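Enquirer: What follows is a structure written as structure tokens; I'll ask about it next.
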Amino acid sequence: MDLLFIFIGLCFMILGVIGSFLPILPGPPLSWIGLLMLSITDAIPWDWTFLSITFTIALAVTILDYWIPALGVKKFGGSKQSMIGSVIGLIVGLLSPIPFGIIIGTFLGAYAGELLNNANDRKASKSATGALLGFLASSLMKFVLSLIYFGLFIAQIWQFRSGLL
């Protein structure tokens, strides 16, 4: 039974890392579920402090994920239309079959949104750059946290390997 929980936890870890870049999947919470699944096993002791701290961090990063791209747009002088355009562009880029569609879509969506707000090309480019930098910073933050959780997952398996076999 422990191996089943470890396998399910590993699947959540992989989904968490993938979810760091796909806005459809919440990366850090999925990675945390992987840690939770590992804690359910009989071989690994239940550590409420560890699970509480990692959950709080995952929740904080998930909340920040929604604020950072908007702050990027705002910091670079973008409008609300630019923020909406970046989200629409991100979704279109995600669904498009081109490489780096998410990045291109985010940039072009913010750019188009700013142009619809009657901005000039320079302001639209600046706003789109802010949206892109915000998206990249947010994705990097989620990716690093998901990798750290993956490392903790592997470390716990290694530490308690004798009880798992």
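Letters A, B, ... mark the chains of the structure tokens in the order given; residue numbers begin at 1 per chain; ligand numbers begin at 1, in order shown.
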Which residues of region 23-88 of chain A have any atom within 9 Å of an atom in region 144-151 of chain A when counting only C-alpha atoms, and what is the closest pair of atoms for each, with the distance in Å to one decimal? Order the rows by chain and rising number and write it as JSON lines.

Expert:
```
{"residue": "A:Gly27", "atom": "CA", "partner": "A:Ser146", "partner_atom": "CA", "distance": 6.6}
{"residue": "A:Pro28", "atom": "CA", "partner": "A:Ser146", "partner_atom": "CA", "distance": 5.5}
{"residue": "A:Pro29", "atom": "CA", "partner": "A:Ser146", "partner_atom": "CA", "distance": 8.8}
{"residue": "A:Leu30", "atom": "CA", "partner": "A:Ser146", "partner_atom": "CA", "distance": 8.6}
{"residue": "A:Ser31", "atom": "CA", "partner": "A:Ser146", "partner_atom": "CA", "distance": 5.9}
{"residue": "A:Trp32", "atom": "CA", "partner": "A:Tyr149", "partner_atom": "CA", "distance": 7.0}
{"residue": "A:Gly34", "atom": "CA", "partner": "A:Phe150", "partner_atom": "CA", "distance": 8.4}
{"residue": "A:Leu35", "atom": "CA", "partner": "A:Tyr149", "partner_atom": "CA", "distance": 7.4}
{"residue": "A:Thr54", "atom": "CA", "partner": "A:Tyr149", "partner_atom": "CA", "distance": 8.2}
{"residue": "A:Ile57", "atom": "CA", "partner": "A:Leu145", "partner_atom": "CA", "distance": 8.7}
{"residue": "A:Ala58", "atom": "CA", "partner": "A:Leu145", "partner_atom": "CA", "distance": 7.8}
{"residue": "A:Val61", "atom": "CA", "partner": "A:Leu145", "partner_atom": "CA", "distance": 8.4}
```

Enquirer: Kindly save the residues from that selection, with N, CA and C atoms included, as a PDB file, in the first residue's frame.

Expert:
```pdb
ATOM      1  N   GLY A  27       0.490  24.504  -9.676  1.00  0.00           N
ATOM      2  CA  GLY A  27       1.713  23.765  -9.406  1.00  0.00           C
ATOM      3  C   GLY A  27       2.048  23.500  -7.944  1.00  0.00           C
ATOM      4  N   PRO A  28       2.280  24.543  -7.133  1.00  0.00           N
ATOM      5  CA  PRO A  28       2.662  24.292  -5.734  1.00  0.00           C
ATOM      6  C   PRO A  28       1.634  23.509  -4.916  1.00  0.00           C
ATOM      7  N   PRO A  29       0.322  23.777  -5.035  1.00  0.00           N
ATOM      8  CA  PRO A  29      -0.616  22.945  -4.276  1.00  0.00           C
ATOM      9  C   PRO A  29      -0.587  21.471  -4.699  1.00  0.00           C
ATOM     10  N   LEU A  30      -0.393  21.210  -5.984  1.00  0.00           N
ATOM     11  CA  LEU A  30      -0.298  19.818  -6.431  1.00  0.00           C
ATOM     12  C   LEU A  30       0.956  19.159  -5.862  1.00  0.00           C
ATOM     13  N   SER A  31       2.049  19.897  -5.829  1.00  0.00           N
ATOM     14  CA  SER A  31       3.274  19.358  -5.239  1.00  0.00           C
ATOM     15  C   SER A  31       3.071  19.088  -3.749  1.00  0.00           C
ATOM     16  N   TRP A  32       2.353  19.975  -3.075  1.00  0.00           N
ATOM     17  CA  TRP A  32       2.092  19.762  -1.646  1.00  0.00           C
ATOM     18  C   TRP A  32       1.250  18.502  -1.435  1.00  0.00           C
ATOM     19  N   GLY A  34       1.436  15.915  -3.165  1.00  0.00           N
ATOM     20  CA  GLY A  34       2.412  14.839  -3.265  1.00  0.00           C
ATOM     21  C   GLY A  34       3.112  14.589  -1.940  1.00  0.00           C
ATOM     22  N   LEU A  35       3.472  15.670  -1.239  1.00  0.00           N
ATOM     23  CA  LEU A  35       4.077  15.517   0.092  1.00  0.00           C
ATOM     24  C   LEU A  35       3.080  14.905   1.077  1.00  0.00           C
ATOM     25  N   THR A  54       4.816  23.724   4.808  1.00  0.00           N
ATOM     26  CA  THR A  54       4.832  23.586   3.351  1.00  0.00           C
ATOM     27  C   THR A  54       3.481  23.976   2.734  1.00  0.00           C
ATOM     28  N   ILE A  57       3.297  27.852   2.705  1.00  0.00           N
ATOM     29  CA  ILE A  57       4.139  28.397   1.634  1.00  0.00           C
ATOM     30  C   ILE A  57       3.473  28.181   0.275  1.00  0.00           C
ATOM     31  N   ALA A  58       2.932  26.989   0.035  1.00  0.00           N
ATOM     32  CA  ALA A  58       2.259  26.706  -1.242  1.00  0.00           C
ATOM     33  C   ALA A  58       1.062  27.634  -1.441  1.00  0.00           C
ATOM     34  N   VAL A  61       2.351  31.236  -2.231  1.00  0.00           N
ATOM     35  CA  VAL A  61       2.866  31.340  -3.598  1.00  0.00           C
ATOM     36  C   VAL A  61       1.723  31.302  -4.606  1.00  0.00           C
TER      37      VAL A  61
END
```

Enquirer: Contacts of region 42-53 of chain A at 10 Å or less, counting only C-alpha atoms, minus same-chain residues fewer than 4 places along, as a list in words?

Expert: Met1, Asp2, Phe5, Trp32, Ile33, Leu35, Leu36, Leu38, Ile57, Ala58, Leu59, Gln156, Ile157, Gln159, Phe160, Arg161, Ser162, Gly163, Leu164 and Leu165 of chain A

Enquirer: From a backbone DSSP assignment, name each residue in chain A labelled helix (DSSP H, G or I), as an NGL selection string.

Expert: :A and (2-19 or 27-40 or 48-75 or 80-95 or 101-116 or 121-159 or 161-164)

Enquirer: I'd like the neighbourhood of Ile91 (chain A) as a list of chain:residue names, where a residue qualifies if any of its atoms comes within 10 Å (using only C-alpha atoms), though same-chain residues fewer than 5 positions away should be ignored.

Expert: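 The residues that qualify are A:Leu22, A:Pro23, A:Ile24, A:Gly85, A:Ser86, A:Ser96, A:Gly101, A:Ile102, A:Gly105, A:Thr106, A:Gly109.
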
Enquirer: Excluding Ser125 (chain A) and its own-chain neighbours fewer than 3 positions away, which residues fall within 12 Å of it when counting only C-alpha atoms? Please give them as JSON, numbers by chain.

Expert: {"A": [73, 76, 77, 78, 82, 106, 107, 108, 109, 110, 111, 112, 113, 114, 115, 119, 120, 121, 122, 128, 129, 130, 131, 132]}

Enquirer: So that I have them on file, write out the residues from the current selection with C-alpha atoms, as an mmCIF file, in the first residue's frame.

Expert:
```
data_model
loop_
_atom_site.group_PDB
_atom_site.id
_atom_site.type_symbol
_atom_site.label_atom_id
_atom_site.label_comp_id
_atom_site.auth_asym_id
_atom_site.auth_seq_id
_atom_site.Cartn_x
_atom_site.Cartn_y
_atom_site.Cartn_z
ATOM 1 C CA VAL A 73 1.764 45.365 -15.913
ATOM 2 C CA PHE A 76 5.345 49.264 -16.397
ATOM 3 C CA GLY A 77 2.389 51.645 -16.745
ATOM 4 C CA GLY A 78 -0.184 49.281 -18.229
ATOM 5 C CA SER A 82 -3.573 45.278 -20.854
ATOM 6 C CA THR A 106 0.976 36.813 -22.969
ATOM 7 C CA PHE A 107 3.062 39.500 -24.644
ATOM 8 C CA LEU A 108 0.792 39.967 -27.662
ATOM 9 C CA GLY A 109 -2.366 39.924 -25.531
ATOM 10 C CA ALA A 110 -1.064 42.673 -23.253
ATOM 11 C CA TYR A 111 0.129 44.630 -26.272
ATOM 12 C CA ALA A 112 -3.269 44.360 -28.004
ATOM 13 C CA GLY A 113 -5.104 45.218 -24.803
ATOM 14 C CA GLU A 114 -3.058 48.372 -24.380
ATOM 15 C CA LEU A 115 -3.610 49.356 -28.020
ATOM 16 C CA ALA A 119 -2.159 53.820 -26.148
ATOM 17 C CA ASN A 120 0.726 54.415 -28.523
ATOM 18 C CA ASP A 121 3.121 51.652 -29.627
ATOM 19 C CA ARG A 122 5.785 52.608 -27.087
ATOM 20 C CA ALA A 128 3.445 44.056 -22.663
ATOM 21 C CA THR A 129 7.017 43.740 -21.381
ATOM 22 C CA GLY A 130 5.724 44.198 -17.832
ATOM 23 C CA ALA A 131 3.110 41.487 -18.359
ATOM 24 C CA LEU A 132 5.716 39.124 -19.769
#
```

Enquirer: Could you tell me which of A:Ile6, A:Thr41, A:Ala70, A:Ser79 comes closest to Asn117 (chain A) if we count only C-alpha atoms?

Expert: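 Nearest to Asn117 (chain A): A:Ser79.
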
Enquirer: Quick one: distance from CA of Trp158 (chain A) to CA of Phe12 (chain A) in Å, one decimal?

Expert: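 Separating CA of Trp158 (chain A) from CA of Phe12 (chain A) is a distance of 18.1 Å.
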
Enquirer: Tell me, in Å to one decimal, how far CA of Ile84 (chain A) is from CA of Leu136 (chain A).

Expert: 16.8 Å

Enquirer: Record the distance separating CA of Leu95 (chain A) and CA of Ala60 (chain A), expressed in Å with one decimal.

Expert: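 Atom-to-atom, CA of Leu95 (chain A) to CA of Ala60 (chain A), that is 27.5 Å.
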
Enquirer: Please identify all polymer residues within 8 Å of Leu25 (chain A), counting only C-alpha atoms, omitting same-chain residues fewer than 4 positions from it, and present them as a PyMOL selection string.

Expert: chain A and resi 15-16+18-20+30
